[in-house]
>>> print(open('target_32.txt').read())   # compact mmCIF, C-alpha atoms and all ligand atoms
# COMPACT_ATOMS: atom_id res chain seq x y z
CA MET I 1 71.90 60.25 89.04
CA ASN I 2 74.33 57.45 89.76
CA ASN I 3 73.50 54.40 91.80
CA SER I 4 74.89 55.67 95.09
CA GLN I 5 72.62 58.71 94.86
CA LYS I 6 69.39 56.87 94.22
CA ILE I 7 66.67 57.44 96.74
CA ARG I 8 66.03 54.26 98.62
CA THR I 9 63.18 53.49 100.88
CA LEU I 10 63.71 51.62 104.07
CA SER I 11 60.71 49.80 105.36
CA LYS I 12 60.52 48.12 108.72
CA VAL I 13 58.37 45.02 108.68
CA ILE I 14 57.52 43.02 111.73
CA VAL I 15 56.35 39.44 111.70
CA LEU I 16 53.96 38.31 114.43
CA GLY I 17 52.12 35.14 115.26
CA ASP I 18 52.19 32.20 117.64
CA SER I 19 55.38 30.36 118.27
CA GLY I 20 55.94 27.53 115.79
CA VAL I 21 53.77 28.83 112.92
CA GLY I 22 56.85 29.34 110.74
CA LYS I 23 57.75 33.02 111.06
CA THR I 24 61.50 32.44 111.13
CA SER I 25 61.22 29.87 108.34
CA LEU I 26 59.31 32.29 106.11
CA MET I 27 61.94 34.97 106.62
CA ASN I 28 64.78 32.58 105.93
CA GLN I 29 63.09 31.25 102.86
CA TYR I 30 62.46 34.76 101.58
CA ALA I 31 65.86 36.25 102.35
CA TYR I 32 68.17 33.24 101.87
CA LYS I 33 66.08 30.61 100.04
CA LYS I 34 66.80 28.20 102.86
CA PHE I 35 64.61 25.95 104.94
CA SER I 36 65.43 23.84 107.96
CA GLN I 37 63.21 21.46 109.92
CA GLN I 38 65.02 22.44 113.07
CA TYR I 39 64.72 26.08 113.72
CA LYS I 40 65.44 26.97 117.26
CA ALA I 41 64.61 30.40 118.53
CA THR I 42 66.35 32.90 116.31
CA ILE I 43 69.78 33.64 117.58
CA GLY I 44 71.90 36.52 116.38
CA ALA I 45 70.43 39.11 114.06
CA ASP I 46 67.17 40.72 115.03
CA PHE I 47 66.20 41.20 111.42
CA VAL I 48 66.98 40.19 107.88
CA THR I 49 67.10 42.63 105.02
CA LYS I 50 66.10 42.18 101.43
CA GLU I 51 66.43 44.77 98.72
CA LEU I 52 64.04 44.86 95.83
CA GLN I 53 63.08 47.17 93.02
CA ILE I 54 59.49 48.09 92.35
CA ASP I 55 59.09 50.21 89.23
CA ASP I 56 61.82 52.83 89.61
CA LYS I 57 62.05 52.62 93.38
CA LEU I 58 64.55 50.72 95.45
CA ILE I 59 63.11 49.40 98.64
CA THR I 60 64.96 47.75 101.46
CA LEU I 61 62.75 45.56 103.58
CA GLN I 62 64.05 45.20 107.09
CA ILE I 63 62.12 42.23 108.40
CA TRP I 64 62.16 41.79 112.16
CA ASP I 65 61.99 38.43 113.84
CA THR I 66 60.86 37.83 117.39
CA ALA I 67 63.76 35.64 118.53
CA GLY I 68 61.25 33.41 120.28
CA GLN I 69 60.05 35.99 122.81
CA GLU I 70 56.53 35.85 121.35
CA ARG I 71 55.91 32.98 123.77
CA PHE I 72 56.33 35.33 126.69
CA ARG I 73 54.72 38.37 125.11
CA SER I 74 57.79 40.42 125.90
CA LEU I 75 58.67 41.91 122.57
CA GLY I 76 59.33 45.37 123.91
CA PRO I 77 58.88 48.80 122.36
CA ALA I 78 62.00 48.67 120.13
CA PHE I 79 60.47 45.78 118.24
CA TYR I 80 57.31 47.68 117.35
CA ARG I 81 58.76 51.17 117.00
CA GLY I 82 58.60 52.66 113.51
CA ALA I 83 57.00 49.63 111.88
CA ASP I 84 55.69 50.25 108.36
CA CYS I 85 53.93 46.96 107.85
CA CYS I 86 52.93 44.08 110.10
CA VAL I 87 52.81 40.52 108.80
CA LEU I 88 50.58 38.20 110.81
CA VAL I 89 51.26 34.50 110.44
CA TYR I 90 49.21 31.46 111.46
CA ASP I 91 49.48 27.75 110.74
CA VAL I 92 46.58 26.51 108.57
CA ASN I 93 46.83 23.13 110.37
CA ILE I 94 46.39 24.47 113.91
CA HIS I 95 43.13 26.28 114.55
CA LYS I 96 44.31 27.89 117.76
CA THR I 97 46.97 29.86 115.85
CA PHE I 98 44.17 31.30 113.70
CA ASP I 99 42.03 32.14 116.74
CA LYS I 100 44.94 34.05 118.21
CA LEU I 101 45.16 36.41 115.21
CA ASN I 102 42.76 38.84 116.88
CA ASN I 103 45.11 39.06 119.85
CA TRP I 104 48.18 39.66 117.69
CA HIS I 105 46.37 42.24 115.58
CA ASP I 106 45.16 44.15 118.65
CA GLU I 107 48.48 43.77 120.41
CA PHE I 108 50.28 45.29 117.46
CA LEU I 109 47.91 48.26 117.19
CA HIS I 110 48.17 48.83 120.91
CA GLN I 111 51.96 48.52 121.17
CA ALA I 112 52.93 50.33 118.00
CA ASP I 113 51.25 53.51 119.18
CA LEU I 114 50.19 54.72 115.73
CA ASP I 115 48.30 57.79 114.61
CA GLY I 116 46.25 56.18 111.85
CA SER I 117 45.63 52.71 113.22
CA GLU I 118 42.57 52.12 110.98
CA THR I 119 44.70 52.37 107.89
CA PHE I 120 47.84 50.61 109.07
CA PRO I 121 48.96 47.97 106.53
CA PHE I 122 48.81 44.34 107.61
CA VAL I 123 49.34 41.21 105.54
CA LEU I 124 48.06 37.80 106.67
CA ILE I 125 49.95 34.62 105.88
CA GLY I 126 48.50 31.13 106.33
CA ASN I 127 51.62 28.96 106.38
CA LYS I 128 52.44 25.22 106.12
CA VAL I 129 49.93 24.47 103.35
CA ASP I 130 52.25 21.65 102.25
CA LEU I 131 51.77 19.64 105.45
CA ASP I 132 50.37 16.16 104.86
CA GLY I 133 49.43 17.16 101.33
CA GLY I 134 46.80 19.51 102.76
CA ASN I 135 44.98 16.73 104.65
CA SER I 136 45.76 18.07 108.09
CA ARG I 137 44.40 21.48 107.29
CA ARG I 138 42.02 22.93 109.90
CA VAL I 139 41.33 26.46 108.67
CA THR I 140 39.72 26.99 105.29
CA GLU I 141 40.83 29.69 102.91
CA ASN I 142 37.31 31.17 103.03
CA LYS I 143 37.40 31.49 106.78
CA ALA I 144 40.76 33.25 106.62
CA ARG I 145 39.53 35.59 103.90
CA GLU I 146 36.45 36.43 105.98
CA TRP I 147 38.70 37.41 108.86
CA CYS I 148 40.76 39.58 106.52
CA ALA I 149 37.61 41.29 105.23
CA SER I 150 36.41 41.95 108.77
CA ARG I 151 39.70 43.63 109.60
CA GLY I 152 39.64 46.12 106.74
CA ASN I 153 40.55 43.99 103.71
CA ILE I 154 43.91 42.68 104.76
CA PRO I 155 45.72 40.99 101.83
CA TYR I 156 45.96 37.22 102.33
CA PHE I 157 48.54 34.68 101.16
CA GLU I 158 48.79 30.95 101.70
CA THR I 159 52.39 29.79 101.81
CA SER I 160 54.77 26.98 102.41
CA ALA I 161 58.06 28.16 103.84
CA LYS I 162 59.26 24.60 103.37
CA GLU I 163 58.65 24.53 99.64
CA GLY I 164 59.08 28.22 99.01
CA TYR I 165 55.52 28.37 97.76
CA ASN I 166 54.02 31.89 97.49
CA VAL I 167 56.62 33.37 99.86
CA ASP I 168 58.07 35.87 97.37
CA GLU I 169 54.56 36.91 96.36
CA ALA I 170 53.56 37.57 99.97
CA PHE I 171 56.59 39.74 100.68
CA LEU I 172 56.26 41.56 97.36
CA CYS I 173 52.81 42.61 98.55
CA VAL I 174 54.36 43.66 101.87
CA ALA I 175 56.85 45.82 99.99
CA LYS I 176 54.16 47.39 97.83
CA ILE I 177 51.84 48.30 100.65
CA SER I 178 54.78 49.60 102.68
CA LEU I 179 55.61 51.94 99.82
CA ASP I 180 52.08 53.31 99.93
CA ASN I 181 52.27 53.82 103.65
CA GLU I 182 52.93 57.36 104.76
CA HIS I 183 55.07 56.17 107.65
CA VAL I 184 57.86 55.10 105.34
CA GLN I 185 60.77 57.51 105.32
CA ASP I 186 62.89 58.01 102.28
CA ILE I 187 66.53 57.67 103.12
CA TYR I 188 69.15 59.26 101.04
CA PHE I 189 72.65 57.92 100.56
CA PRO I 190 74.71 60.77 99.17
CA GLY I 191 77.90 58.83 99.86
CA ILE I 192 78.93 60.52 103.11
CA SER I 193 82.15 58.91 104.22
CA GLU I 194 82.32 57.01 107.49
CA THR I 195 85.13 59.26 108.63
CA ALA I 196 82.98 62.36 108.43
CA SER I 197 80.33 60.92 110.69
CA GLU I 198 82.93 59.47 113.06
CA ALA I 199 84.63 62.83 113.33
CA GLU I 200 81.29 64.41 114.07
CA GLN I 201 80.61 61.93 116.83
CA GLN I 202 84.03 62.38 118.36
CA SER I 203 83.67 66.13 118.50
CA ARG I 204 80.61 65.67 120.69
CA CYS I 205 82.30 63.08 122.86
CA ALA I 206 84.07 63.97 126.10
CA CYS I 207 86.94 61.53 125.56
P1 LIG Z 301 58.36 30.35 114.47
O1 LIG Z 301 58.39 29.94 115.90
O2 LIG Z 301 57.05 30.97 114.11
O3 LIG Z 301 59.54 31.20 114.07
O4 LIG Z 301 58.42 29.00 113.61
P2 LIG Z 301 59.69 28.30 112.90
O5 LIG Z 301 60.05 29.01 111.65
O6 LIG Z 301 60.76 28.11 113.91
O7 LIG Z 301 59.06 26.91 112.47
C1 LIG Z 301 58.56 25.99 113.43
C2 LIG Z 301 58.64 24.58 112.83
O8 LIG Z 301 57.77 24.46 111.71
C3 LIG Z 301 60.04 24.22 112.33
O9 LIG Z 301 60.28 22.86 112.64
C4 LIG Z 301 59.94 24.40 110.83
O10 LIG Z 301 60.83 23.56 110.15
C5 LIG Z 301 58.48 24.05 110.55
N1 LIG Z 301 57.92 24.77 109.40
C6 LIG Z 301 57.96 26.10 109.18
N2 LIG Z 301 57.34 26.42 108.03
C7 LIG Z 301 56.89 25.27 107.50
C8 LIG Z 301 56.17 24.94 106.31
O11 LIG Z 301 55.79 25.77 105.48
N3 LIG Z 301 55.86 23.60 106.12
C9 LIG Z 301 56.23 22.65 107.01
N4 LIG Z 301 55.91 21.38 106.72
N5 LIG Z 301 56.93 22.92 108.13
C10 LIG Z 301 57.25 24.22 108.38
MG MG Z 302 61.05 32.01 115.28
>>> encode(input="target_32.txt", output="C-alpha cells")
Amino acid sequence: MNNSQKIRTLSKVIVLGDSGVGKTSLMNQYAYKKFSQQYKATIGADFVTKELQIDDKLITLQIWDTAGQERFRSLGPAFYRGADCCVLVYDVNIHKTFDKLNNWHDEFLHQADLDGSETFPFVLIGNKVDLDGGNSRRVTENKAREWCASRGNIPYFETSAKEGYNVDEAFLCVAKISLDNEHVQDIYFPGISETASEAEQQSRCAC
C-alpha cells in the first residue's frame, strides 16, 4: 500500500474554557511552536490541523478554536458537531476559570448531542504553570485531579503554552483517546482527482 492509499483518521477536537486561559496559545504552540503575548481573538482559520503517527496509524487532529465567541456563549452547532474529543482548559492562577469547568463540561455534553455521553473523551489542561514561577498559582494539582476523578477519570495535564511545557504530551493523549473513540471515522484517500469530483458536482448543478 503506498502512502496515498494509507487509511488516515480524522479527528475533530474542540477546545473549550474561559476567555484568556490560553486556548489559542496552546493550539499555536502545538501546531506551529509559536507563542505570542498578544493574542487577540482568533481571526481567520477556525481550526488548525496537525498530523501525527501513532503505531501504524496516521491521525489528523483538526483542532477547533473558538475565535473569541466563548465570551458570549455563542459557539453554535457547527462548532460542536462531530467532535471526537473535547479539551477543557483552565488557568491554574485564576480560580474562577477552574470553577467554570463544570459549566463547560455540561455545556459540551448538552450541545454536542451525543449518544454515549458518559463515555465521551475529555482531556483537562491546567495552563500557565510558568506564571510567576508558580507563585501565583491558585488551584492545586490535587484539586484538579479530584475534579477529573469525579467526572469519570478525565486525563489531566499541566502545561505552559508560553514555554511549550507538556503541550505535545497533552495533545498526544488527545490523539490516542480520539483513536479509541467510536465516533472517529476512517477516511480513505484513494487519490480521486479534483476534476472527477468537480465534474460530479457540475452534473448536479443547474448552471
Ligand atoms: P484564549 O482566550 O483562551 O484563547 O487565551 P489566549 O491564548 O489568547 O491567551 C490569553 C493571554 O494569556 C495571552 O496574552 C497569552 O499570551 C497568555 N498566555 C497563554 N498561555 C500562557 C502560558 O502558558 N503562560 C503565560 N505566562 N501566559 C500565557
Ligand atoms: Mg482564543
>>> residues_near_ligand(input="target_32.txt", ligand="ligand LIG 301 (chain Z)", cutoff="7 Å", atoms="only C-alpha atoms and all ligand atoms", output="PDB file with C-alpha atoms, in the coordinates of the input")
ATOM      1  CA  GLY I  17      52.120  35.140 115.260  1.00  0.00           C
ATOM      2  CA  ASP I  18      52.190  32.200 117.640  1.00  0.00           C
ATOM      3  CA  SER I  19      55.380  30.360 118.270  1.00  0.00           C
ATOM      4  CA  GLY I  20      55.940  27.530 115.790  1.00  0.00           C
ATOM      5  CA  VAL I  21      53.770  28.830 112.920  1.00  0.00           C
ATOM      6  CA  GLY I  22      56.850  29.340 110.740  1.00  0.00           C
ATOM      7  CA  LYS I  23      57.750  33.020 111.060  1.00  0.00           C
ATOM      8  CA  THR I  24      61.500  32.440 111.130  1.00  0.00           C
ATOM      9  CA  SER I  25      61.220  29.870 108.340  1.00  0.00           C
ATOM     10  CA  LEU I  26      59.310  32.290 106.110  1.00  0.00           C
ATOM     11  CA  PHE I  35      64.610  25.950 104.940  1.00  0.00           C
ATOM     12  CA  SER I  36      65.430  23.840 107.960  1.00  0.00           C
ATOM     13  CA  GLN I  37      63.210  21.460 109.920  1.00  0.00           C
ATOM     14  CA  GLN I  38      65.020  22.440 113.070  1.00  0.00           C
ATOM     15  CA  TYR I  39      64.720  26.080 113.720  1.00  0.00           C
ATOM     16  CA  LYS I  40      65.440  26.970 117.260  1.00  0.00           C
ATOM     17  CA  ALA I  41      64.610  30.400 118.530  1.00  0.00           C
ATOM     18  CA  GLY I  68      61.250  33.410 120.280  1.00  0.00           C
ATOM     19  CA  ASN I 127      51.620  28.960 106.380  1.00  0.00           C
ATOM     20  CA  LYS I 128      52.440  25.220 106.120  1.00  0.00           C
ATOM     21  CA  VAL I 129      49.930  24.470 103.350  1.00  0.00           C
ATOM     22  CA  ASP I 130      52.250  21.650 102.250  1.00  0.00           C
ATOM     23  CA  LEU I 131      51.770  19.640 105.450  1.00  0.00           C
ATOM     24  CA  THR I 159      52.390  29.790 101.810  1.00  0.00           C
ATOM     25  CA  SER I 160      54.770  26.980 102.410  1.00  0.00           C
ATOM     26  CA  ALA I 161      58.060  28.160 103.840  1.00  0.00           C
ATOM     27  CA  LYS I 162      59.260  24.600 103.370  1.00  0.00           C
ATOM     28  CA  GLU I 163      58.650  24.530  99.640  1.00  0.00           C
TER      29      GLU I 163
END
>>> closest_residue(input="target_32.txt", among="I:Gln53, I:Thr60, I:Gln111, I:Asn103", to="Ala78 of chain I", atoms="all atoms listed in the file")
I:Gln111
>>> atom_distance(input="target_32.txt", atom1="atom CA of Val167 of chain I", atom2="atom CA of Thr49 of chain I")
14.9 Å
>>> residues_near_point(input="target_32.txt", point="(49.5, 31.6, 97.1)", cutoff="8 Å", atoms="only C-alpha atoms", output="ChimeraX atom specification")
/I:157-159,165-167,169-170
>>> closest_residue(input="target_32.txt", among="I:Leu109, I:Val123, I:Cys148, I:Leu16", to="Leu172 of chain I", atoms="all atoms listed in the file")
I:Val123
>>> closest_residue(input="target_32.txt", among="I:Cys85, I:Ala144, I:Val15, I:Ala149", to="Leu179 of chain I", atoms="only C-alpha atoms")
I:Cys85
>>> residues_around(input="target_32.txt", residues="Trp104 of chain I", least_positions_apart="4", cutoff="12 Å", atoms="only C-alpha atoms", output="PyMOL selection string")
chain I and resi 14-19+70-71+73+75+86-90+97-100+108-112+122+124
>>> atom_distance(input="target_32.txt", atom1="atom CA of Lys34 of chain I", atom2="atom CA of Gly164 of chain I")
8.6 Å
>>> atom_distance(input="target_32.txt", atom1="atom CA of Asp46 of chain I", atom2="atom CA of Val92 of chain I")
25.8 Å
>>> closest_residue(input="target_32.txt", among="I:Phe120, I:Phe171, I:Trp64, I:Phe79", to="ligand MG 302 (chain Z)", atoms="all atoms listed in the file")
I:Trp64
>>> closest_residue(input="target_32.txt", among="I:Asp55, I:Asp65, I:Asp84, I:Glu107", to="ligand MG 302 (chain Z)", atoms="all atoms listed in the file")
I:Asp65
>>> closest_residue(input="target_32.txt", among="I:Thr66, I:Leu58, I:Asn102, I:Ala31", to="ligand MG 302 (chain Z)", atoms="all atoms listed in the file")
I:Thr66
>>> residues_near_point(input="target_32.txt", point="(40.7, 20.7, 107.1)", cutoff="10 Å", atoms="all atoms listed in the file", output="list in words")
Val92, Asn93, Ile94, His95, Gly134, Asn135, Ser136, Arg137, Arg138, Val139, Thr140 and Glu141 of chain I
>>> write_last_selection(input="target_32.txt", atoms="C-alpha atoms", output="compact mmCIF listing (two decimals), in the frame of the given file")
# COMPACT_ATOMS: atom_id res chain seq x y z
CA VAL I 92 46.58 26.51 108.57
CA ASN I 93 46.83 23.13 110.37
CA ILE I 94 46.39 24.47 113.91
CA HIS I 95 43.13 26.28 114.55
CA GLY I 134 46.80 19.51 102.76
CA ASN I 135 44.98 16.73 104.65
CA SER I 136 45.76 18.07 108.09
CA ARG I 137 44.40 21.48 107.29
CA ARG I 138 42.02 22.93 109.90
CA VAL I 139 41.33 26.46 108.67
CA THR I 140 39.72 26.99 105.29
CA GLU I 141 40.83 29.69 102.91
>>> build_atoms(input="target_32.txt", residues="segment 103-129 of chain I", atoms="N, CA and C atoms", output="short mmCIF file (atom, residue, chain, number, x, y, z; two decimals), keeping the file's coordinate frame")
data_model
loop_
_atom_site.label_atom_id
_atom_site.label_comp_id
_atom_site.auth_asym_id
_atom_site.auth_seq_id
_atom_site.Cartn_x
_atom_site.Cartn_y
_atom_site.Cartn_z
N ASN I 103 44.21 38.58 118.78
CA ASN I 103 45.11 39.06 119.85
C ASN I 103 46.34 39.74 119.26
N TRP I 104 46.95 39.09 118.27
CA TRP I 104 48.18 39.66 117.69
C TRP I 104 47.89 40.99 116.99
N HIS I 105 46.77 41.03 116.29
CA HIS I 105 46.37 42.24 115.58
C HIS I 105 46.18 43.39 116.58
N ASP I 106 45.43 43.11 117.65
CA ASP I 106 45.16 44.15 118.65
C ASP I 106 46.43 44.53 119.39
N GLU I 107 47.22 43.53 119.70
CA GLU I 107 48.48 43.77 120.41
C GLU I 107 49.37 44.71 119.59
N PHE I 108 49.44 44.44 118.31
CA PHE I 108 50.28 45.29 117.46
C PHE I 108 49.77 46.73 117.49
N LEU I 109 48.47 46.90 117.25
CA LEU I 109 47.91 48.26 117.19
C LEU I 109 48.11 48.99 118.51
N HIS I 110 48.00 48.24 119.59
CA HIS I 110 48.17 48.83 120.91
C HIS I 110 49.63 49.22 121.15
N GLN I 111 50.54 48.31 120.86
CA GLN I 111 51.96 48.52 121.17
C GLN I 111 52.63 49.51 120.23
N ALA I 112 52.20 49.52 118.98
CA ALA I 112 52.93 50.33 118.00
C ALA I 112 52.62 51.81 118.13
N ASP I 113 51.53 52.12 118.86
CA ASP I 113 51.25 53.51 119.18
C ASP I 113 51.20 54.39 117.92
N LEU I 114 50.25 54.06 117.04
CA LEU I 114 50.19 54.72 115.73
C LEU I 114 49.19 55.86 115.73
N ASP I 115 49.32 56.74 114.75
CA ASP I 115 48.30 57.79 114.61
C ASP I 115 47.10 57.23 113.85
N GLY I 116 47.37 56.64 112.68
CA GLY I 116 46.25 56.18 111.85
C GLY I 116 46.08 54.68 111.92
N SER I 117 45.63 54.16 113.06
CA SER I 117 45.63 52.71 113.22
C SER I 117 44.60 52.03 112.30
N GLU I 118 43.57 52.77 111.84
CA GLU I 118 42.57 52.12 110.98
C GLU I 118 43.16 51.80 109.62
N THR I 119 44.18 52.55 109.23
CA THR I 119 44.70 52.37 107.89
C THR I 119 46.06 51.66 107.89
N PHE I 120 46.50 51.21 109.03
CA PHE I 120 47.84 50.61 109.07
C PHE I 120 47.87 49.32 108.24
N PRO I 121 48.93 49.16 107.40
CA PRO I 121 48.96 47.97 106.53
C PRO I 121 49.40 46.68 107.24
N PHE I 122 48.52 45.70 107.16
CA PHE I 122 48.81 44.34 107.61
C PHE I 122 48.78 43.42 106.40
N VAL I 123 49.49 42.30 106.50
CA VAL I 123 49.34 41.21 105.54
C VAL I 123 49.16 39.94 106.37
N LEU I 124 48.23 39.08 105.96
CA LEU I 124 48.06 37.80 106.67
C LEU I 124 48.65 36.67 105.84
N ILE I 125 49.39 35.81 106.53
CA ILE I 125 49.95 34.62 105.88
C ILE I 125 49.44 33.37 106.60
N GLY I 126 48.85 32.46 105.83
CA GLY I 126 48.50 31.13 106.33
C GLY I 126 49.60 30.20 105.85
N ASN I 127 50.42 29.72 106.77
CA ASN I 127 51.62 28.96 106.38
C ASN I 127 51.42 27.45 106.57
N LYS I 128 52.37 26.70 106.05
CA LYS I 128 52.44 25.22 106.12
C LYS I 128 51.32 24.55 105.32
N VAL I 129 50.97 25.10 104.16
CA VAL I 129 49.93 24.47 103.35
C VAL I 129 50.40 23.14 102.75
#
